[in-house]
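Chemist: So I've got this file, structure.cif, and it contains mmCIF, C-alpha atoms:
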data_query
loop_
_atom_site.label_atom_id
_atom_site.label_comp_id
_atom_site.auth_asym_id
_atom_site.auth_seq_id
_atom_site.Cartn_x
_atom_site.Cartn_y
_atom_site.Cartn_z
CA MET X 8 103.58 105.11 99.17
CA ASN X 9 102.59 103.23 96.01
CA LYS X 10 103.05 99.50 96.16
CA ALA X 11 101.49 96.56 94.38
CA ALA X 12 98.78 94.94 96.46
CA ASP X 13 96.67 91.83 96.56
CA ILE X 14 93.29 93.38 97.34
CA SER X 15 91.04 90.60 96.04
CA THR X 16 87.95 89.50 97.93
CA LYS X 17 89.76 86.27 98.77
CA LYS X 18 92.58 88.26 100.37
CA LEU X 19 90.15 90.34 102.44
CA ILE X 20 88.21 87.37 103.78
CA SER X 21 91.32 85.30 104.48
CA LEU X 22 92.46 87.91 107.03
CA ALA X 23 90.07 86.45 109.62
CA PRO X 24 87.87 83.77 108.01
CA ASN X 25 86.30 82.51 111.25
CA ASN X 26 85.13 85.96 112.33
CA TRP X 27 83.93 86.68 108.80
CA ALA X 28 81.91 83.46 108.71
CA LYS X 29 80.35 84.17 112.12
CA TRP X 30 79.39 87.65 110.94
CA VAL X 31 77.76 86.69 107.62
CA THR X 32 75.93 83.60 108.95
CA GLY X 33 75.15 84.58 112.54
CA ILE X 34 76.33 81.13 113.70
CA PRO X 35 78.52 81.66 116.81
CA ASP X 36 80.16 78.21 116.88
CA ILE X 37 81.04 78.00 113.21
CA VAL X 38 84.53 76.87 112.20
CA THR X 39 85.93 77.54 108.74
CA GLY X 40 88.13 75.33 106.62
CA GLU X 41 89.88 76.13 103.38
CA ILE X 42 88.88 78.81 100.91
CA LEU X 43 87.87 76.81 97.85
CA ASN X 44 88.45 77.22 94.14
CA THR X 45 85.59 79.15 92.49
CA GLU X 46 86.33 78.15 88.90
CA PHE X 47 83.10 76.51 87.76
CA GLN X 48 83.92 75.14 84.31
CA TRP X 49 83.79 78.26 82.11
CA ILE X 50 82.90 80.68 84.90
CA SER X 51 85.39 82.33 87.25
CA ARG X 52 84.98 85.64 89.12
CA GLN X 53 87.34 87.33 91.57
CA SER X 54 84.45 88.75 93.57
CA ASP X 55 83.27 85.24 94.53
CA VAL X 56 84.79 83.47 97.50
CA VAL X 57 83.59 80.05 98.64
CA ILE X 58 84.52 79.02 102.19
CA GLN X 59 84.12 75.51 103.53
CA ALA X 60 82.57 75.69 107.00
CA GLU X 61 81.20 73.42 109.71
CA SER X 62 79.03 73.78 112.81
CA PRO X 63 77.57 71.26 115.29
CA GLN X 64 74.02 72.12 114.21
CA TYR X 65 74.42 72.20 110.42
CA GLY X 66 77.45 70.00 109.78
CA LYS X 67 79.66 70.76 106.78
CA PHE X 68 78.46 73.35 104.29
CA LEU X 69 79.67 76.15 102.00
CA ILE X 70 79.52 79.92 102.43
CA LEU X 71 79.36 81.66 99.06
CA ASN X 72 80.45 85.30 99.40
CA GLU X 73 79.70 87.74 96.59
CA LEU X 74 81.18 91.20 97.24
CA GLN X 75 79.82 93.88 94.89
CA LEU X 76 80.88 97.51 94.55
CA ARG X 77 77.26 98.32 93.74
CA TYR X 78 74.09 96.27 93.37
CA THR X 79 72.73 95.53 89.89
CA SER X 80 69.50 93.89 88.78
CA GLU X 81 71.48 90.88 87.53
CA MET X 82 72.57 89.85 91.04
CA PRO X 83 69.57 87.65 92.00
CA ARG X 84 70.03 85.47 88.92
CA ARG X 85 73.79 85.36 89.47
CA MET X 86 73.36 84.32 93.10
CA ARG X 87 71.10 81.48 91.96
CA ALA X 88 73.65 80.33 89.40
CA TYR X 89 76.68 80.43 91.68
CA ALA X 90 74.88 78.69 94.55
CA ALA X 91 73.88 75.85 92.24
CA LEU X 92 77.35 75.57 90.68
CA ALA X 93 79.04 75.48 94.09
CA GLU X 94 76.69 72.79 95.37
CA GLU X 95 77.14 70.71 92.23
CA LYS X 96 80.94 70.93 92.36
CA TYR X 97 81.48 70.32 96.07
CA LYS X 98 78.35 68.26 96.89
CA LEU X 99 77.56 70.40 99.96
CA GLN X 100 74.69 72.70 100.95
CA THR X 101 75.42 76.38 100.28
CA TYR X 102 74.76 79.55 102.25
CA PRO X 103 74.95 82.42 99.71
CA VAL X 104 75.70 85.96 100.89
CA LEU X 105 75.59 89.15 98.81
CA ILE X 106 77.60 92.05 100.27
CA ASN X 107 76.91 95.44 98.64
CA ILE X 108 79.48 98.18 99.21
CA LEU X 109 78.00 101.42 97.88
CA LYS X 110 74.42 102.63 98.19
CA ILE X 111 73.13 103.95 94.87
CA SER X 112 69.39 104.21 95.62
CA ASN X 113 66.81 103.88 98.38
CA SER X 114 65.15 100.90 96.70
CA GLU X 115 65.02 97.69 98.71
CA ILE X 116 67.50 95.10 97.50
CA PRO X 117 65.86 91.69 96.97
CA ALA X 118 67.12 88.72 98.98
CA SER X 119 65.88 86.00 96.64
CA PHE X 120 65.56 84.91 93.02
CA ALA X 121 62.23 83.49 91.85
CA SER X 122 60.90 82.51 88.45
CA ASN X 123 57.93 80.55 87.13
CA PHE X 124 58.18 79.29 83.58
CA ILE X 125 55.43 77.05 82.16
CA GLY X 126 54.52 76.03 85.68
CA LEU X 127 58.10 75.21 86.70
CA ARG X 128 59.45 77.25 89.59
CA ALA X 129 63.02 78.19 90.51
CA ILE X 130 63.70 79.82 93.88
CA GLN X 131 66.99 80.82 95.50
CA ASP X 132 67.17 82.74 98.76
CA TYR X 133 70.38 84.46 99.87
CA ARG X 134 71.42 86.84 102.62
CA VAL X 135 71.93 90.51 101.74
CA ILE X 136 74.38 92.66 103.72
CA ASN X 137 74.55 96.35 102.82
CA LEU X 138 77.72 97.87 104.23
CA TRP X 139 76.13 101.28 104.75
CA GLU X 140 73.77 99.61 107.25
CA VAL X 141 76.56 97.85 109.19
CA ASP X 142 77.56 99.48 112.50
CA VAL X 143 81.23 100.49 112.32
CA ASN X 144 81.84 99.33 115.90
CA ILE X 145 81.59 95.68 114.84
CA VAL X 146 84.84 96.12 112.90
CA PHE X 147 86.81 97.02 116.02
CA GLU X 148 84.97 94.90 118.59
CA THR X 149 84.70 91.52 116.81
CA PRO X 150 87.28 92.23 115.27
CA LEU X 151 86.66 92.16 111.52
CA PRO X 152 89.89 93.30 109.83
CA SER X 153 88.37 92.44 106.44
CA LEU X 154 86.09 95.46 106.81
CA LEU X 155 88.73 97.98 107.91
CA PRO X 156 89.18 99.42 104.38
CA PHE X 157 85.43 100.09 104.23
CA VAL X 158 85.17 101.91 107.58
CA PRO X 159 84.34 105.35 106.04
CA ILE X 160 81.16 104.05 104.39
CA LEU X 161 79.95 101.95 107.33
CA LYS X 162 77.23 103.31 109.60
CA GLY X 163 78.92 105.74 111.97
CA GLY X 164 82.29 105.42 110.23
CA GLU X 165 82.42 108.85 108.63
CA ASN X 166 84.18 110.53 111.57
CA GLU X 167 87.78 111.61 111.13
CA SER X 168 88.86 109.96 114.39
CA THR X 169 87.32 106.63 113.37
CA ILE X 170 89.02 106.71 109.98
CA ARG X 171 92.35 107.57 111.61
CA GLU X 172 91.97 104.58 113.94
CA ALA X 173 91.23 102.30 110.98
CA LEU X 174 94.33 103.63 109.21
CA ARG X 175 96.44 103.06 112.33
CA MET X 176 95.32 99.43 112.48
CA LEU X 177 95.99 98.91 108.78
CA ARG X 178 99.49 100.34 109.00
CA ALA X 179 100.33 98.33 112.12
CA ASP X 180 99.79 95.01 110.36
CA GLU X 181 101.98 93.85 107.48
CA GLN X 182 99.06 91.92 105.98
CA LEU X 183 96.75 94.92 106.15
CA ASN X 184 98.87 97.93 105.22
CA GLN X 185 98.54 97.24 101.50
CA LEU X 186 94.81 98.04 101.84
CA GLU X 187 95.51 101.69 102.63
CA THR X 188 94.51 102.95 99.17
CA VAL X 189 91.13 101.24 99.53
CA LEU X 190 90.51 103.04 102.82
CA ALA X 191 91.60 106.35 101.27
CA PHE X 192 89.29 105.89 98.29
CA PHE X 193 86.23 105.41 100.47
CA ALA X 194 87.35 108.18 102.85
CA THR X 195 86.95 110.68 99.98
CA PHE X 196 83.23 109.91 100.04
CA VAL X 197 82.84 111.40 103.54
CA LEU X 198 85.80 113.76 104.11
CA GLU X 199 87.33 116.58 102.11
CA SER X 200 90.12 115.34 99.87
CA THR X 201 92.61 117.75 101.47
CA LEU X 202 91.90 116.20 104.86
CA VAL X 203 92.22 112.69 103.46
CA GLN X 204 95.55 113.67 101.94
CA GLU X 205 96.71 115.01 105.32
CA ILE X 206 95.61 111.84 107.10
CA MET X 207 97.26 109.52 104.58
CA ARG X 208 100.39 111.65 104.16
CA TRP X 209 100.71 110.97 100.44
CA ASP X 210 99.63 112.56 97.20
CA MET X 211 96.00 111.94 96.25
CA THR X 212 97.01 110.75 92.77
CA VAL X 213 97.82 107.45 94.48
CA LEU X 214 94.06 106.86 94.57
CA ARG X 215 94.20 106.06 90.89
CA GLU X 216 95.71 102.76 91.99
CA SER X 217 92.70 101.97 94.18
CA PRO X 218 91.13 98.67 93.06
CA TRP X 219 87.64 100.12 93.34
CA TYR X 220 88.48 103.12 91.16
CA GLN X 221 90.02 100.72 88.65
CA GLU X 222 86.96 98.45 88.79
CA ILE X 223 84.64 101.34 87.97
CA LEU X 224 86.89 102.25 85.05
CA ARG X 225 87.25 98.69 83.71
CA GLU X 226 83.57 97.81 83.93
CA GLY X 227 82.55 100.91 82.05
CA GLN X 228 85.13 100.30 79.33
CA ALA X 229 84.07 96.67 78.96
CA ARG X 230 80.41 97.61 78.56
CA GLY X 231 81.19 100.28 76.01
CA GLU X 232 83.50 98.06 73.96
CA ALA X 233 80.89 95.31 73.93
CA GLU X 234 78.29 97.75 72.64
CA GLY X 235 80.62 98.96 69.92
CA GLU X 236 81.48 95.41 68.83
CA ALA X 237 77.82 94.40 68.77
CA ARG X 238 77.08 97.25 66.37
CA GLY X 239 79.90 96.14 64.08
CA GLU X 240 81.28 99.66 63.88
CA ALA X 241 84.67 100.09 62.22
CA ARG X 242 85.71 102.28 65.11
CA GLY X 243 83.44 100.57 67.59
CA GLU X 244 86.15 99.89 70.14
CA ALA X 245 87.15 103.54 70.46
CA ARG X 246 83.57 104.77 70.52
CA GLY X 247 82.68 101.99 72.90
CA GLU X 248 85.45 103.06 75.26
CA VAL X 249 84.06 106.60 75.30
CA ARG X 250 80.60 105.26 76.12
CA GLY X 251 82.14 103.06 78.78
CA ILE X 252 83.91 105.97 80.47
CA ILE X 253 80.70 108.00 80.40
CA SER X 254 78.88 105.06 82.00
CA SER X 255 81.59 104.85 84.69
CA ILE X 256 81.31 108.59 85.34
CA GLU X 257 77.55 108.30 85.75
CA THR X 258 77.93 105.43 88.23
CA SER X 259 80.60 107.29 90.20
CA LEU X 260 78.59 110.52 90.34
CA GLU X 261 75.51 108.70 91.60
CA ALA X 262 77.49 106.72 94.18
CA LYS X 263 79.26 109.79 95.57
CA PHE X 264 76.80 112.66 95.11
CA GLY X 265 73.42 111.03 94.42
CA SER X 266 70.87 112.83 92.22
CA ASP X 267 72.84 116.10 92.45
CA GLY X 268 75.76 114.43 90.73
CA LEU X 269 73.60 113.03 87.95
CA GLU X 270 72.55 116.56 87.00
CA LEU X 271 76.00 116.98 85.44
CA MET X 272 75.50 114.08 83.01
CA SER X 273 73.68 116.19 80.42
CA GLN X 274 76.87 118.23 80.01
CA ILE X 275 79.34 115.34 80.36
CA SER X 276 77.53 113.14 77.83
CA GLN X 277 78.29 115.73 75.14
CA ILE X 278 82.05 115.25 75.58
CA SER X 279 83.71 112.87 73.12
CA ASP X 280 87.38 113.37 74.01
CA LEU X 281 88.53 110.19 75.76
CA GLU X 282 91.36 111.77 77.77
CA GLN X 283 89.11 114.56 78.98
CA LEU X 284 86.53 112.03 80.15
CA LYS X 285 89.19 110.01 81.97
CA GLU X 286 90.35 113.16 83.74
CA ILE X 287 86.78 113.92 84.82
CA LEU X 288 86.49 110.41 86.26
CA ARG X 289 89.75 110.88 88.16
CA ARG X 290 88.55 114.23 89.51
CA ILE X 291 85.33 112.65 90.84
CA VAL X 292 87.44 110.51 93.16
CA VAL X 293 88.93 113.51 94.96
CA ALA X 294 86.13 116.05 94.53
CA ASN X 295 84.59 117.38 97.73
CA THR X 296 81.54 119.07 96.23
CA ILE X 297 79.52 119.26 93.03
CA GLN X 298 80.92 122.75 92.55
CA ASP X 299 84.45 121.31 92.37
CA LEU X 300 83.33 119.22 89.39
CA ARG X 301 81.56 122.15 87.76
CA ASN X 302 84.82 124.06 87.92
CA VAL X 303 86.58 121.18 86.15
CA LEU X 304 83.94 121.09 83.44
#
Starting from the file, give its structure as structure tokens.
Modeler:
Amino acid sequence: MNKAADISTKKLISLAPNNWAKWVTGIPDIVTGEILNTEFQWISRQSDVVIQAESPQYGKFLILNELQLRYTSEMPRRMRAYAALAEEKYKLQTYPVLINILKISNSEIPASFASNFIGLRAIQDYRVINLWEVDVNIVFETPLPSLLPFVPILKGGENESTIREALRMLRADEQLNQLETVLAFFATFVLESTLVQEIMRWDMTVLRESPWYQEILREGQARGEAEGEARGEARGEARGEVRGIISSIETSLEAKFGSDGLELMSQISQISDLEQLKEILRRIVVANTIQDLRNVL
């Protein structure tokens, strides 16, 4: 099984927009309208989805959804910017929501942006939803098909039987079955890769097509290339790509194995061969233990 898939945030939310809106806002009688264009002049991001909504109490307003693989310190400022841009474009009040997928530390994630410059204040509150704190039962009871691919990393979703049920529901729906690689990717965080392979009934190399694996890879490459270009190096792009892969490896190790995984970075950071680094990143996806990665190294 290896088919092209539309796995954008817009696709996920459009599976059941009303239930999604009720979940992120807590408004039981909310009704959603169209999913709006998020191209704000020169800014456009696939992880942003703006939904037009309405309720008897609040009237018409916008729900700005920002789905992030992992939280970064830039998110508060970004949430402020996108909320303002959405309100300016559509002339409606905005309810911003930040959904974080992977836990990378125990630090509390801020739910507001605040600045004070020469006595002028800027404040933007937004709701924060951390998927690792969301009870897996809400996915099946509400239902919330948009969260089915993330079942393994939800609270209580690490059980084999729960993951099998999520897979059954994905495969039973033509709109959902293309999300199978996403479910498999996150299942490797909580189950042995051999078991995931048995459950999915396909070769684990298919996980290289997972959008979240690809996002980790692309973001790291982009950062590294930007660093190389900024230094004006003749071979900056190639060196930047190496730095980018190393950055992606570090993020992946921390997301999957925590501080134990980061202990390997002193050895990995000495590697300069691009193909070898890419192979290490691929192995992280299917590794069960730190020892598996040590054997690779």
Chemist: Mind checking which residues fall within 9 Å of segment 101-108 of chain X, counting all atoms listed in the file, ignoring those fewer than 3 positions away in the same chain, and posting them as a ChimeraX atom specification?
Modeler: /X:31-32,68-78,82,86-87,89-91,93-94,118,132-139,157,160-161
Chemist: Could you write out that same residue set with C-alpha atoms as a PDB file, in the coordinates of the input?
Modeler:
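Result went into result.pdb, see below:
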ATOM      1  CA  VAL X  31      77.760  86.690 107.620  1.00  0.00           C
ATOM      2  CA  THR X  32      75.930  83.600 108.950  1.00  0.00           C
ATOM      3  CA  PHE X  68      78.460  73.350 104.290  1.00  0.00           C
ATOM      4  CA  LEU X  69      79.670  76.150 102.000  1.00  0.00           C
ATOM      5  CA  ILE X  70      79.520  79.920 102.430  1.00  0.00           C
ATOM      6  CA  LEU X  71      79.360  81.660  99.060  1.00  0.00           C
ATOM      7  CA  ASN X  72      80.450  85.300  99.400  1.00  0.00           C
ATOM      8  CA  GLU X  73      79.700  87.740  96.590  1.00  0.00           C
ATOM      9  CA  LEU X  74      81.180  91.200  97.240  1.00  0.00           C
ATOM     10  CA  GLN X  75      79.820  93.880  94.890  1.00  0.00           C
ATOM     11  CA  LEU X  76      80.880  97.510  94.550  1.00  0.00           C
ATOM     12  CA  ARG X  77      77.260  98.320  93.740  1.00  0.00           C
ATOM     13  CA  TYR X  78      74.090  96.270  93.370  1.00  0.00           C
ATOM     14  CA  MET X  82      72.570  89.850  91.040  1.00  0.00           C
ATOM     15  CA  MET X  86      73.360  84.320  93.100  1.00  0.00           C
ATOM     16  CA  ARG X  87      71.100  81.480  91.960  1.00  0.00           C
ATOM     17  CA  TYR X  89      76.680  80.430  91.680  1.00  0.00           C
ATOM     18  CA  ALA X  90      74.880  78.690  94.550  1.00  0.00           C
ATOM     19  CA  ALA X  91      73.880  75.850  92.240  1.00  0.00           C
ATOM     20  CA  ALA X  93      79.040  75.480  94.090  1.00  0.00           C
ATOM     21  CA  GLU X  94      76.690  72.790  95.370  1.00  0.00           C
ATOM     22  CA  ALA X 118      67.120  88.720  98.980  1.00  0.00           C
ATOM     23  CA  ASP X 132      67.170  82.740  98.760  1.00  0.00           C
ATOM     24  CA  TYR X 133      70.380  84.460  99.870  1.00  0.00           C
ATOM     25  CA  ARG X 134      71.420  86.840 102.620  1.00  0.00           C
ATOM     26  CA  VAL X 135      71.930  90.510 101.740  1.00  0.00           C
ATOM     27  CA  ILE X 136      74.380  92.660 103.720  1.00  0.00           C
ATOM     28  CA  ASN X 137      74.550  96.350 102.820  1.00  0.00           C
ATOM     29  CA  LEU X 138      77.720  97.870 104.230  1.00  0.00           C
ATOM     30  CA  TRP X 139      76.130 101.280 104.750  1.00  0.00           C
ATOM     31  CA  PHE X 157      85.430 100.090 104.230  1.00  0.00           C
ATOM     32  CA  ILE X 160      81.160 104.050 104.390  1.00  0.00           C
ATOM     33  CA  LEU X 161      79.950 101.950 107.330  1.00  0.00           C
TER      34      LEU X 161
END
Chemist: Would you kindly translate the PyMOL selection byres ((chain X and resi 288) around 8) into the concrete residues it picks from this file, as number ranges by chain?
Modeler: X: 252, 255-256, 259, 284-287, 289-292
Chemist: Using only C-alpha atoms, please write the residues we just selected to a file, as a PDB file, in the coordinates of the input.
Modeler:
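Result written to again.pdb:
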ATOM      1  CA  ILE X 252      83.910 105.970  80.470  1.00  0.00           C
ATOM      2  CA  SER X 255      81.590 104.850  84.690  1.00  0.00           C
ATOM      3  CA  ILE X 256      81.310 108.590  85.340  1.00  0.00           C
ATOM      4  CA  SER X 259      80.600 107.290  90.200  1.00  0.00           C
ATOM      5  CA  LEU X 284      86.530 112.030  80.150  1.00  0.00           C
ATOM      6  CA  LYS X 285      89.190 110.010  81.970  1.00  0.00           C
ATOM      7  CA  GLU X 286      90.350 113.160  83.740  1.00  0.00           C
ATOM      8  CA  ILE X 287      86.780 113.920  84.820  1.00  0.00           C
ATOM      9  CA  ARG X 289      89.750 110.880  88.160  1.00  0.00           C
ATOM     10  CA  ARG X 290      88.550 114.230  89.510  1.00  0.00           C
ATOM     11  CA  ILE X 291      85.330 112.650  90.840  1.00  0.00           C
ATOM     12  CA  VAL X 292      87.440 110.510  93.160  1.00  0.00           C
TER      13      VAL X 292
END
Chemist: Using only C-alpha atoms, determine which residues lie at most 9 Å from Ala194 of chain X, disregarding the query and same-chain residues fewer than 6 positions distant; provide the list as a list of chain:residue names.
Modeler: X:Phe157, X:Val158, X:Pro159, X:Ile160, X:Glu165, X:Glu167, X:Ile170, X:Ser200, X:Val203
Chemist: Counting all atoms listed in the file, figure out which residue out of X:Gln274, X:Asn113, X:Thr39, X:Thr79 gets nearest to Trp27 of chain X.
Modeler: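 The closest residue to Trp27 of chain X is X:Thr39.
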Chemist: Counting only C-alpha atoms, select every polymer residue within 7 Å of (94.6, 93.0, 106.0) as defined in the file's coordinates, and provide the selection as a list in words.
Modeler: Leu19, Leu22, Pro152, Ser153, Leu177, Gln182, Leu183, Asn184 and Leu186 of chain X
Chemist: Using all atoms listed in the file, which protein or nucleic acid residues come within 12 Å of Glu81 of chain X? Drop anything in the same chain fewer than 6 positions from it, and give the result as a PDB file with C-alpha atoms, in the frame of the given file.
Modeler:
ATOM      1  CA  GLN X  75      79.820  93.880  94.890  1.00  0.00           C
ATOM      2  CA  ARG X  87      71.100  81.480  91.960  1.00  0.00           C
ATOM      3  CA  ALA X  88      73.650  80.330  89.400  1.00  0.00           C
ATOM      4  CA  ILE X 116      67.500  95.100  97.500  1.00  0.00           C
ATOM      5  CA  PRO X 117      65.860  91.690  96.970  1.00  0.00           C
ATOM      6  CA  SER X 119      65.880  86.000  96.640  1.00  0.00           C
ATOM      7  CA  PHE X 120      65.560  84.910  93.020  1.00  0.00           C
TER       8      PHE X 120
END
Chemist: Take the PyMOL selection byres ((chain X and resi 258) around 10), run it mentally on this structure, and tell me the resulting residues as a ChimeraX atom specification.
Modeler: /X:77,111,223,227,252-257,259-263,265,268-269
Chemist: Restricting the calculation to all atoms listed in the file: of X:Glu199, X:Asp142, X:Glu61, X:Glu41, which residue gets closest to Thr296 of chain X?
Modeler: X:Glu199
Chemist: Go ahead and compute the interatomic distance for atom CA of Asn123 of chain X and atom CA of Asp55 of chain X, in Å to one decimal.
Modeler: 26.8 Å
Chemist: Go ahead and compute the interatomic distance for atom CA of Ile34 of chain X and atom CA of Ser62 of chain X, in Å to one decimal.
Modeler: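 For atom CA of Ile34 of chain X relative to atom CA of Ser62 of chain X, the distance reads 7.9 Å.
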Chemist: So, with only C-alpha atoms as the atoms that count, which of X:Leu198, X:Ile206, X:Gln277, X:Glu270 lies closest to Asn295 of chain X?
Modeler: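 Of X:Leu198, X:Ile206, X:Gln277, X:Glu270, the one nearest Asn295 of chain X, counting only C-alpha atoms, is X:Leu198.
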Chemist: How many Å separate atom CA of Val38 of chain X from atom CA of Pro24 of chain X?
Modeler: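 The value is 8.7 Å.
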Chemist: From the options X:Ser112, X:Leu174, X:Ala60, X:Leu304, which residue's atoms come nearest to Val189 of chain X, counting all atoms listed in the file?
Modeler: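 Closest to Val189 of chain X, using all atoms listed in the file: X:Leu174.
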Chemist: Using only C-alpha atoms, find the one residue out of X:Ala179, X:Ala173, X:Met272, X:Glu140 that sits nearest to Lys110 of chain X.
Modeler: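 The shortest atom-to-atom distance to Lys110 of chain X comes from X:Glu140.
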Chemist: For Leu99 of chain X, which of X:Ile37, X:Leu281, X:Ala121, X:Ile58 is the closest residue, counting all atoms listed in the file?
Modeler: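 Closest to Leu99 of chain X of all the choices is X:Ile58.
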Chemist: Could you put an axis-aligned box around every listed atom of segment 138-147 of chain X, padded by 6 Å on each side, and send me its centre and edge lengths in Å to one decimal, as AutoDock Vina command-line options?
Modeler:
--center_x 80.3 --center_y 98.5 --center_z 110.1 --size_x 25.0 --size_y 17.6 --size_z 23.8
Chemist: Since the input is missing atoms, can you rebuild all heavy atoms for segment 199-206 of chain X and write them as a CSV table (one decimal), keeping the file's coordinate frame?
Modeler:
chain,number,residue,atom,x,y,z
X,199,GLU,N,86.7,115.8,103.2
X,199,GLU,CA,87.3,116.6,102.1
X,199,GLU,C,88.7,115.9,101.7
X,199,GLU,O,89.4,115.4,102.5
X,199,GLU,CB,87.6,118.0,102.6
X,199,GLU,CG,86.3,118.8,102.8
X,199,GLU,CD,86.6,120.3,103.1
X,199,GLU,OE1,87.8,120.6,103.1
X,199,GLU,OE2,85.6,121.0,103.3
X,200,SER,N,88.9,116.0,100.4
X,200,SER,CA,90.1,115.3,99.9
X,200,SER,C,91.4,115.9,100.5
X,200,SER,O,92.4,115.2,100.7
X,200,SER,CB,90.2,115.5,98.3
X,200,SER,OG,90.2,116.8,98.0
X,201,THR,N,91.4,117.2,100.8
X,201,THR,CA,92.6,117.8,101.5
X,201,THR,C,92.9,117.1,102.8
X,201,THR,O,94.0,116.9,103.2
X,201,THR,CB,92.5,119.3,101.6
X,201,THR,OG1,91.2,119.6,102.3
X,201,THR,CG2,92.5,120.0,100.3
X,202,LEU,N,91.8,116.8,103.6
X,202,LEU,CA,91.9,116.2,104.9
X,202,LEU,C,92.3,114.8,104.7
X,202,LEU,O,93.2,114.3,105.5
X,202,LEU,CB,90.6,116.3,105.6
X,202,LEU,CG,90.6,115.6,107.0
X,202,LEU,CD1,91.6,116.2,107.9
X,202,LEU,CD2,89.2,115.8,107.7
X,203,VAL,N,91.8,114.1,103.7
X,203,VAL,CA,92.2,112.7,103.5
X,203,VAL,C,93.7,112.7,103.1
X,203,VAL,O,94.4,111.8,103.6
X,203,VAL,CB,91.4,112.1,102.3
X,203,VAL,CG1,91.9,110.7,102.0
X,203,VAL,CG2,89.9,112.0,102.7
X,204,GLN,N,94.1,113.6,102.3
X,204,GLN,CA,95.6,113.7,101.9
X,204,GLN,C,96.4,113.9,103.2
X,204,GLN,O,97.5,113.3,103.3
X,204,GLN,CB,95.8,114.8,100.9
X,204,GLN,CG,97.2,114.9,100.4
X,204,GLN,CD,97.3,115.9,99.3
X,204,GLN,OE1,96.3,116.3,98.7
X,204,GLN,NE2,98.6,116.3,99.0
X,205,GLU,N,96.0,114.8,104.1
X,205,GLU,CA,96.7,115.0,105.3
X,205,GLU,C,96.8,113.8,106.2
X,205,GLU,O,97.8,113.4,106.7
X,205,GLU,CB,96.0,116.1,106.1
X,205,GLU,CG,96.7,116.4,107.5
X,205,GLU,CD,95.8,117.4,108.3
X,205,GLU,OE1,95.1,118.1,107.7
X,205,GLU,OE2,96.0,117.3,109.5
X,206,ILE,N,95.7,113.0,106.3
X,206,ILE,CA,95.6,111.8,107.1
X,206,ILE,C,96.5,110.8,106.5
X,206,ILE,O,97.3,110.1,107.3
X,206,ILE,CB,94.2,111.3,107.2
X,206,ILE,CG1,93.3,112.3,108.0
X,206,ILE,CG2,94.1,109.9,107.9
X,206,ILE,CD1,91.8,111.9,107.9
